[in-house]
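> Here you go, this is input_7.txt (compact mmCIF, C-alpha atoms).
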# COMPACT_ATOMS: atom_id res chain seq x y z
CA MET A 1 -30.48 -0.13 -0.20
CA LEU A 2 -28.60 1.82 2.49
CA ASN A 3 -25.29 1.14 0.70
CA LYS A 4 -26.59 2.73 -2.50
CA VAL A 5 -27.96 5.74 -0.60
CA ILE A 6 -24.56 6.32 1.05
CA TYR A 7 -22.77 5.97 -2.27
CA TYR A 8 -25.01 8.12 -4.47
CA ILE A 9 -26.06 10.72 -1.88
CA LEU A 10 -22.75 11.12 -0.04
CA ILE A 11 -19.72 9.67 -1.82
CA VAL A 12 -20.53 10.70 -5.42
CA PRO A 13 -21.32 14.37 -4.56
CA ILE A 14 -18.14 14.59 -2.45
CA SER A 15 -16.04 13.14 -5.28
CA ILE A 16 -17.17 15.95 -7.61
CA LEU A 17 -15.88 18.71 -5.32
CA PRO A 18 -12.52 20.37 -6.08
CA ILE A 19 -9.52 19.03 -4.17
CA TRP A 20 -8.88 22.32 -2.32
CA PHE A 21 -12.40 22.20 -0.90
CA LEU A 22 -11.98 18.54 0.06
CA HIS A 23 -8.82 19.37 1.98
CA GLY A 24 -10.90 21.86 3.97
CA ILE A 25 -13.24 19.00 4.86
CA SER A 26 -10.19 16.92 5.77
CA SER A 27 -8.98 19.59 8.21
CA PHE A 28 -12.39 19.59 9.91
CA MET A 29 -12.37 15.78 10.01
CA TYR A 30 -8.97 15.86 11.72
CA VAL A 31 -10.33 17.96 14.58
CA VAL A 32 -13.37 15.70 15.01
CA ILE A 33 -11.58 12.35 14.66
CA TYR A 34 -8.53 13.23 16.75
CA PHE A 35 -9.76 15.61 19.44
CA VAL A 36 -13.43 14.56 19.77
CA PHE A 37 -13.61 10.82 19.06
CA GLY A 38 -9.96 9.80 19.35
CA TYR A 39 -10.39 7.19 16.60
CA ARG A 40 -8.15 4.19 17.40
CA LYS A 41 -5.90 6.46 19.42
CA LYS A 42 -4.91 3.67 21.79
CA VAL A 43 -3.85 1.41 18.91
CA ILE A 44 -1.99 4.18 17.08
CA ARG A 45 -0.20 5.48 20.15
CA GLY A 46 0.77 1.98 21.23
CA ASN A 47 2.18 1.19 17.78
CA LEU A 48 4.22 4.40 17.80
CA GLU A 49 5.55 3.90 21.32
CA ARG A 50 6.72 0.35 20.62
CA SER A 51 8.21 1.31 17.24
CA PHE A 52 10.11 4.31 18.63
CA PRO A 53 10.93 3.39 22.26
CA LYS A 54 13.56 6.15 22.54
CA PHE A 55 11.18 8.94 21.55
CA SER A 56 9.77 11.21 24.22
CA ASN A 57 6.03 11.48 24.85
CA LYS A 58 6.11 14.91 23.21
CA GLU A 59 7.67 13.48 20.04
CA ILE A 60 5.18 10.59 19.93
CA ARG A 61 2.28 13.03 20.20
CA ARG A 62 3.73 15.20 17.44
CA ILE A 63 3.96 12.23 15.05
CA GLU A 64 0.52 11.10 16.15
CA ARG A 65 -1.08 14.44 15.24
CA LYS A 66 0.70 14.54 11.87
CA PHE A 67 -0.46 11.00 11.16
CA TYR A 68 -4.11 11.90 11.82
CA GLN A 69 -3.83 14.93 9.53
CA HIS A 70 -2.38 12.79 6.73
CA PHE A 71 -4.86 9.98 7.44
CA CYS A 72 -7.80 12.35 6.95
CA ASP A 73 -6.26 13.62 3.71
CA ILE A 74 -5.95 10.04 2.43
CA ILE A 75 -9.59 9.28 3.23
CA ILE A 76 -10.87 12.38 1.46
CA GLU A 77 -8.49 12.00 -1.49
CA SER A 78 -9.62 8.38 -1.90
CA LEU A 79 -13.20 9.61 -2.28
CA LYS A 80 -12.02 12.05 -4.94
CA ASN A 81 -10.63 9.06 -6.86
CA PHE A 82 -14.18 7.99 -7.70
CA ASN A 83 -14.36 11.02 -10.00
CA ILE A 84 -10.89 11.91 -11.22
CA SER A 85 -9.45 12.39 -14.71
CA LYS A 86 -6.30 10.84 -16.14
CA LYS A 87 -4.76 14.30 -16.41
CA SER A 88 -5.41 15.07 -12.75
CA THR A 89 -4.12 11.65 -11.68
CA LYS A 90 -0.79 12.13 -13.48
CA LYS A 91 -0.51 15.66 -12.14
CA ARG A 92 -1.06 14.57 -8.54
CA PHE A 93 0.96 11.33 -8.68
CA VAL A 94 4.23 11.47 -10.61
CA ILE A 95 6.29 8.34 -11.25
CA GLU A 96 9.78 9.70 -11.79
CA ASN A 97 11.57 6.74 -13.35
CA PRO A 98 9.05 4.45 -15.13
CA GLU A 99 11.85 3.20 -17.40
CA VAL A 100 13.12 1.07 -14.49
CA VAL A 101 10.01 -1.09 -14.80
CA ASP A 102 9.48 -0.72 -18.56
CA ARG A 103 12.87 -2.26 -19.27
CA PHE A 104 11.52 -5.61 -18.11
CA ALA A 105 8.39 -5.24 -20.24
CA GLU A 106 10.60 -4.82 -23.29
CA GLU A 107 12.31 -8.07 -22.26
CA GLY A 108 8.92 -9.78 -21.97
CA ARG A 109 9.26 -10.33 -18.22
CA ASP A 110 6.61 -10.02 -15.54
CA VAL A 111 7.68 -8.12 -12.41
CA ILE A 112 6.59 -7.60 -8.82
CA ILE A 113 6.26 -4.06 -7.49
CA ALA A 114 6.57 -4.22 -3.70
CA GLY A 115 5.46 -1.51 -1.33
CA GLY A 116 3.38 -0.76 1.72
CA HIS A 117 0.53 1.36 3.03
CA TYR A 118 2.72 4.43 2.89
CA ASN A 119 1.56 7.77 1.47
CA SER A 120 -1.16 7.45 -1.21
CA TRP A 121 -1.31 3.79 -2.26
CA GLU A 122 -4.81 4.31 -3.72
CA LEU A 123 -3.63 7.05 -6.08
CA PHE A 124 -0.68 4.88 -7.11
CA ALA A 125 -3.14 2.13 -8.12
CA LEU A 126 -4.80 4.61 -10.48
CA ALA A 127 -1.61 6.18 -11.81
CA MET A 128 0.47 3.07 -12.38
CA PRO A 129 -1.20 1.92 -15.67
CA LEU A 130 -0.85 5.46 -17.07
CA TYR A 131 2.94 5.27 -16.89
CA HIS A 132 3.81 1.71 -17.85
CA GLN A 133 3.83 -0.86 -20.63
CA HIS A 134 3.00 -3.71 -18.24
CA GLN A 135 -0.54 -4.75 -17.40
CA GLY A 136 -0.85 -3.61 -13.80
CA VAL A 137 -2.28 -6.27 -11.47
CA GLY A 138 -3.26 -5.47 -7.90
CA ILE A 139 -3.61 -8.30 -5.39
CA TYR A 140 -6.26 -7.33 -2.87
CA LYS A 141 -8.62 -8.65 -0.19
CA PRO A 142 -12.26 -8.16 -1.32
CA LEU A 143 -14.61 -6.23 0.96
CA SER A 144 -17.35 -8.20 2.69
CA ASN A 145 -19.89 -5.69 1.35
CA ARG A 146 -20.43 -6.69 -2.29
CA PHE A 147 -21.78 -3.32 -3.43
CA PHE A 148 -18.85 -1.31 -2.09
CA ASP A 149 -16.40 -3.95 -3.25
CA MET A 150 -17.79 -3.53 -6.78
CA LYS A 151 -17.55 0.27 -6.59
CA LEU A 152 -14.02 0.10 -5.20
CA ARG A 153 -12.98 -2.19 -8.03
CA GLN A 154 -14.52 0.17 -10.59
CA SER A 155 -12.60 3.08 -9.09
CA ARG A 156 -9.24 1.31 -8.93
CA GLU A 157 -9.58 -0.29 -12.37
CA GLN A 158 -10.80 2.79 -14.26
CA PHE A 159 -7.43 3.49 -15.93
CA GLY A 160 -6.35 -0.08 -16.64
CA LEU A 161 -5.36 -1.79 -13.40
CA LYS A 162 -6.67 -5.33 -12.97
CA LEU A 163 -7.64 -6.45 -9.46
CA ILE A 164 -7.22 -10.07 -8.41
CA SER A 165 -8.39 -11.40 -5.05
CA MET A 166 -5.82 -13.02 -2.77
CA LYS A 167 -7.59 -16.36 -3.19
CA GLU A 168 -7.17 -16.19 -6.98
CA SER A 169 -3.58 -14.91 -6.94
CA ALA A 170 -1.78 -18.28 -7.10
CA ARG A 171 -3.73 -19.35 -10.19
CA TYR A 172 -3.24 -15.97 -11.85
CA PHE A 173 0.54 -16.00 -11.32
CA ALA A 174 0.72 -19.48 -12.88
CA ASN A 175 -1.39 -18.60 -15.95
CA SER A 176 0.98 -16.28 -17.75
CA ASP A 177 0.13 -14.71 -21.10
CA GLU A 178 3.14 -14.42 -23.40
CA LYS A 179 1.44 -11.59 -25.32
CA ILE A 180 1.41 -9.20 -22.36
CA SER A 181 3.80 -8.65 -19.48
CA ARG A 182 2.33 -8.05 -16.04
CA ALA A 183 3.39 -5.97 -13.07
CA PHE A 184 2.03 -7.41 -9.82
CA ILE A 185 1.52 -4.88 -7.02
CA LEU A 186 1.99 -6.46 -3.59
CA GLY A 187 1.84 -4.84 -0.17
CA GLY A 188 4.12 -6.49 2.35
CA ASP A 189 3.06 -4.64 5.50
CA GLN A 190 -0.26 -6.33 6.19
CA SER A 191 -0.66 -8.53 9.24
CA PRO A 192 -0.75 -12.19 8.09
CA SER A 193 -3.86 -14.11 9.12
CA ASN A 194 -1.79 -17.24 9.81
CA PRO A 195 1.43 -16.44 11.75
CA LYS A 196 2.90 -19.83 10.81
CA ASN A 197 2.90 -18.83 7.13
CA ALA A 198 4.68 -15.53 7.79
CA TYR A 199 8.36 -14.72 7.69
CA TRP A 200 9.44 -13.46 11.12
CA MET A 201 11.98 -10.67 11.49
CA LYS A 202 12.69 -7.45 13.35
CA PHE A 203 10.71 -4.53 11.96
CA LEU A 204 10.35 -1.18 13.74
CA ASN A 205 11.98 -2.64 16.88
CA GLN A 206 9.44 -5.45 17.11
CA ASP A 207 9.29 -9.13 16.25
CA THR A 208 7.07 -9.03 13.17
CA GLY A 209 5.41 -11.58 10.93
CA VAL A 210 5.71 -10.40 7.31
CA LEU A 211 3.61 -11.72 4.44
CA PHE A 212 5.76 -14.10 2.39
CA GLY A 213 3.86 -13.75 -0.90
CA THR A 214 6.33 -11.38 -2.58
CA GLU A 215 9.26 -13.74 -2.04
CA LYS A 216 7.25 -16.88 -2.77
CA TYR A 217 6.06 -15.74 -6.18
CA ALA A 218 9.30 -13.95 -7.07
CA LYS A 219 11.37 -17.09 -6.53
CA GLU A 220 8.83 -19.50 -8.02
CA TYR A 221 8.55 -17.58 -11.31
CA ASN A 222 11.86 -15.67 -11.15
CA LEU A 223 10.11 -12.29 -11.23
CA PRO A 224 12.26 -9.19 -10.67
CA VAL A 225 11.35 -7.43 -7.43
CA ILE A 226 11.11 -3.64 -7.61
CA PHE A 227 10.29 -1.42 -4.66
CA GLY A 228 8.16 1.70 -5.13
CA MET A 229 9.27 4.47 -2.76
CA ALA A 230 6.46 7.04 -2.41
CA TYR A 231 6.95 10.60 -1.15
CA LYS A 232 4.50 13.35 -0.28
CA VAL A 233 5.48 16.49 -2.19
CA LYS A 234 2.69 18.62 -0.74
CA ARG A 235 -0.93 18.19 0.20
CA GLY A 236 -2.62 16.08 -2.47
CA HIS A 237 0.57 15.59 -4.52
CA TYR A 238 2.93 12.61 -4.48
CA ARG A 239 5.89 11.23 -6.35
CA LEU A 240 7.31 7.73 -6.59
CA THR A 241 10.76 6.38 -7.38
CA TYR A 242 11.51 2.76 -8.24
CA LYS A 243 14.44 0.77 -6.94
CA VAL A 244 15.30 -2.68 -8.32
CA LEU A 245 15.95 -5.02 -5.40
CA PHE A 246 16.40 -8.34 -7.26
CA GLU A 247 16.67 -9.00 -10.98
CA ASN A 248 17.00 -12.79 -10.59
CA PRO A 249 15.23 -13.76 -7.36
CA LYS A 250 15.86 -17.50 -7.77
CA GLU A 251 19.47 -16.84 -6.85
CA ALA A 252 18.55 -15.10 -3.57
CA PRO A 253 18.94 -17.00 -0.27
CA TYR A 254 15.79 -17.86 1.68
CA GLY A 255 14.35 -14.79 3.43
CA LYS A 256 16.61 -12.30 1.66
CA ILE A 257 13.86 -10.87 -0.56
CA THR A 258 11.39 -10.47 2.31
CA GLU A 259 14.00 -8.80 4.50
CA ALA A 260 15.10 -6.47 1.69
CA HIS A 261 11.70 -5.03 0.75
CA THR A 262 10.67 -4.79 4.42
CA GLN A 263 13.85 -2.93 5.35
CA VAL A 264 13.39 -0.41 2.52
CA LEU A 265 9.88 0.31 3.79
CA GLU A 266 11.17 0.56 7.35
CA LYS A 267 13.76 3.14 6.30
CA GLN A 268 11.05 5.31 4.77
CA ILE A 269 8.86 4.99 7.86
CA VAL A 270 11.70 5.97 10.19
CA GLU A 271 12.47 9.04 8.07
CA ASN A 272 8.83 10.22 7.90
CA PRO A 273 6.67 8.08 10.22
CA GLN A 274 3.50 10.16 9.84
CA TYR A 275 2.85 8.79 6.34
CA TRP A 276 2.47 5.11 7.32
CA LEU A 277 -0.87 3.52 8.25
CA TRP A 278 -0.50 3.22 12.03
CA SER A 279 -4.19 2.55 12.72
CA HIS A 280 -3.97 -1.21 12.04
CA ARG A 281 -3.20 -3.78 14.74
CA ARG A 282 -0.15 -5.08 12.91
CA TRP A 283 1.45 -6.83 15.88
CA LYS A 284 -1.57 -8.77 17.16
CA HIS A 285 0.14 -12.12 16.42
CA LYS A 286 3.18 -13.55 18.17
CA ARG A 287 5.86 -15.73 16.64
CA PRO A 288 4.77 -19.40 17.02
CA SER A 289 7.03 -21.22 19.46
CA ASP A 290 7.35 -24.21 17.11
CA LEU A 291 8.17 -22.15 14.01
CA LYS A 292 11.25 -23.32 12.08
CA GLN A 293 11.37 -20.91 9.17
CA TYR A 294 15.05 -21.35 8.40
CA GLU A 295 14.85 -25.09 7.71
Transcribe the structure of this file into structure tokens.


Amino acid sequence: MLNKVIYYILIVPISILPIWFLHGISSFMYVVIYFVFGYRKKVIRGNLERSFPKFSNKEIRRIERKFYQHFCDIIIESLKNFNISKKSTKKRFVIENPEVVDRFAEEGRDVIIAGGHYNSWELFALAMPLYHQHQGVGIYKPLSNRFFDMKLRQSREQFGLKLISMKESARYFANSDEKISRAFILGGDQSPSNPKNAYWMKFLNQDTGVLFGTEKYAKEYNLPVIFGMAYKVKRGHYRLTYKVLFENPKEAPYGKITEAHTQVLEKQIVENPQYWLWSHRRWKHKRPSDLKQYE
């Protein structure tokens, strides 16, 4: 009952408000979350300090403040997504070169679109089906709260995206439909639950376990791997450019695909660190001492 009250009394009314008004709310949230409550400040600051060991305390604090401002924008903009039109979605999220992906649809090939929690990944989930011939498929981890999981799915799928849980992903990759080509959206910057199943490499100056799903499925089904590089144009507006990393992944050496898409993400983070999701404990696992990933 409480879930429905929160959704219909709080979230729905907020989603109806114009974006300029919501950004005003976001600015107020920034002051409260950063200066009053210090939400996850220890985790965020620790992540930044380890990722940029040569930065001064002043520079770390500057990035930290910019991250919180962007983080609040993302939260508020995500609520707006519950009540957004196709026209507004395409206006606020522009995919500059959709032909890079559509070429493979014309060839009848499924693809993997790799990325990370950088800039507005939620808005990309909405916009992607509006630009492409492929059936967009998002691999996601369902929320423990069934009501909000249902509402989140409805929001993300409203323009054609299909959400598949991580547990169902292997079966869905295997069951291809020759009548429709699919574009699988995979985020490679989440902390793996089992460090032994991760691919370990240096990322942001730290030994990091990276989810291996992108490489696993790309090589198993020879799916081209395309990276989506997202940029923030201005408040509430984003653009994305695709870059083909591998057209024939089966030919790639072990680990090459994982390293490639992780390094592209790292380059974006280094250039504009405030737009990455620093609030997660991404380095909570250590490389297992008995791991032999190169054998």

> Using only C-alpha atoms, find the one residue out of A:Glu59, A:Val137, A:Tyr199, A:Arg287 that sits nearest to Pro273 (chain A).

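Looking at the shortest contact to Pro273 (chain A), the residue is A:Glu59.
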
> Residues within 12 Å of (-6.9, -7.2, 15.5), file coordinates, counting only C-alpha atoms: what are they? Give the list as an MDAnalysis selection string.

chainID A and resid 40 43 190:193 279:285

> Tell me, as a ChimeraX atom specification, which residues lie within 6 Å of region 234-241 of chain A, counting all atoms listed in the file; anything in the same chain fewer than 3 positions away does not count.

/A:92-96,228-231

> Between A:Phe104, A:Asn205, A:Arg153, A:Tyr217, which one has atoms that come closest to Glu247 (chain A), using only C-alpha atoms?

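Answer, going by the shortest atom-to-atom distance: A:Phe104.
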
> Could you list, as a list in words, every residue within 7 Å of Glu215 (chain A), counting all atoms listed in the file and ignoring same-chain residues fewer than 3 positions away?

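Returned residues: Phe212, Ala218, Lys219, Ile257 and Thr258 of chain A.
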
> Could those selected residues go to a file with C-alpha atoms, as a compact mmCIF listing (two decimals), in the frame of the given file?


# COMPACT_ATOMS: atom_id res chain seq x y z
CA PHE A 212 5.76 -14.10 2.39
CA ALA A 218 9.30 -13.95 -7.07
CA LYS A 219 11.37 -17.09 -6.53
CA ILE A 257 13.86 -10.87 -0.56
CA THR A 258 11.39 -10.47 2.31

> Between A:Asn81, A:Lys42, A:Lys216, A:Arg156, which one has atoms that come closest to Pro253 (chain A), using all atoms listed in the file?

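Closest candidate: A:Lys216.
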
> Provide the CA of Leu277 (chain A) to CA of Gly116 (chain A) distance in Å, to one decimal place.

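CA of Gly116 (chain A) lies 8.9 Å from CA of Leu277 (chain A).
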
> Interatomic distance between CA of Glu259 (chain A) and CA of Met201 (chain A)?

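Separating CA of Glu259 (chain A) from CA of Met201 (chain A) is a distance of 7.5 Å.
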
> What separation in Å, quoted to one decimal, exists between CA of Gly136 (chain A) and CA of Pro249 (chain A)?

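One can read the CA of Gly136 (chain A) to CA of Pro249 (chain A) distance as 20.1 Å.
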
> My list of candidates is A:Gln133, A:Ser51, A:Thr208, A:Ser88. Which is closest to Thr262 (chain A) when distances are computed with only C-alpha atoms?

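Of A:Gln133, A:Ser51, A:Thr208, A:Ser88, the one nearest Thr262 (chain A) is A:Thr208, counting only C-alpha atoms.
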
> Residues at most 10 Å from Gln263 (chain A), counting all atoms listed in the file, excluding those fewer than 5 positions away in the same chain, as a PyMOL selection string?

chain A and resi 202-204+257-258+268-269

> Counting all atoms listed in the file, which residue out of A:Ile11, A:Met166, A:Lys196, A:Pro142 sits closest to Asp290 (chain A)?

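The answer is A:Lys196, which sits nearest to Asp290 (chain A).
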
> Using only C-alpha atoms, which protein or nucleic acid residues come within 12 Å of Glu77 (chain A)? Drop anything in the same chain fewer than 3 positions from it, and give the result as a short mmCIF file (atom, residue, chain, number, x, y, z; two decimals) with C-alpha atoms, in the coordinates of the input.


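Output (selection09.cif):
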data_model
loop_
_atom_site.label_atom_id
_atom_site.label_comp_id
_atom_site.auth_asym_id
_atom_site.auth_seq_id
_atom_site.Cartn_x
_atom_site.Cartn_y
_atom_site.Cartn_z
CA ILE A 11 -19.72 9.67 -1.82
CA ILE A 14 -18.14 14.59 -2.45
CA SER A 15 -16.04 13.14 -5.28
CA ILE A 16 -17.17 15.95 -7.61
CA LEU A 17 -15.88 18.71 -5.32
CA PRO A 18 -12.52 20.37 -6.08
CA ILE A 19 -9.52 19.03 -4.17
CA TRP A 20 -8.88 22.32 -2.32
CA PHE A 21 -12.40 22.20 -0.90
CA LEU A 22 -11.98 18.54 0.06
CA HIS A 23 -8.82 19.37 1.98
CA GLY A 24 -10.90 21.86 3.97
CA ILE A 25 -13.24 19.00 4.86
CA SER A 26 -10.19 16.92 5.77
CA HIS A 70 -2.38 12.79 6.73
CA PHE A 71 -4.86 9.98 7.44
CA CYS A 72 -7.80 12.35 6.95
CA ASP A 73 -6.26 13.62 3.71
CA ILE A 74 -5.95 10.04 2.43
CA LYS A 80 -12.02 12.05 -4.94
CA ASN A 81 -10.63 9.06 -6.86
CA PHE A 82 -14.18 7.99 -7.70
CA ASN A 83 -14.36 11.02 -10.00
CA ILE A 84 -10.89 11.91 -11.22
CA THR A 89 -4.12 11.65 -11.68
CA ARG A 92 -1.06 14.57 -8.54
CA PHE A 93 0.96 11.33 -8.68
CA ASN A 119 1.56 7.77 1.47
CA SER A 120 -1.16 7.45 -1.21
CA TRP A 121 -1.31 3.79 -2.26
CA GLU A 122 -4.81 4.31 -3.72
CA LEU A 123 -3.63 7.05 -6.08
CA PHE A 124 -0.68 4.88 -7.11
CA ARG A 235 -0.93 18.19 0.20
CA GLY A 236 -2.62 16.08 -2.47
CA HIS A 237 0.57 15.59 -4.52
CA TYR A 238 2.93 12.61 -4.48
#
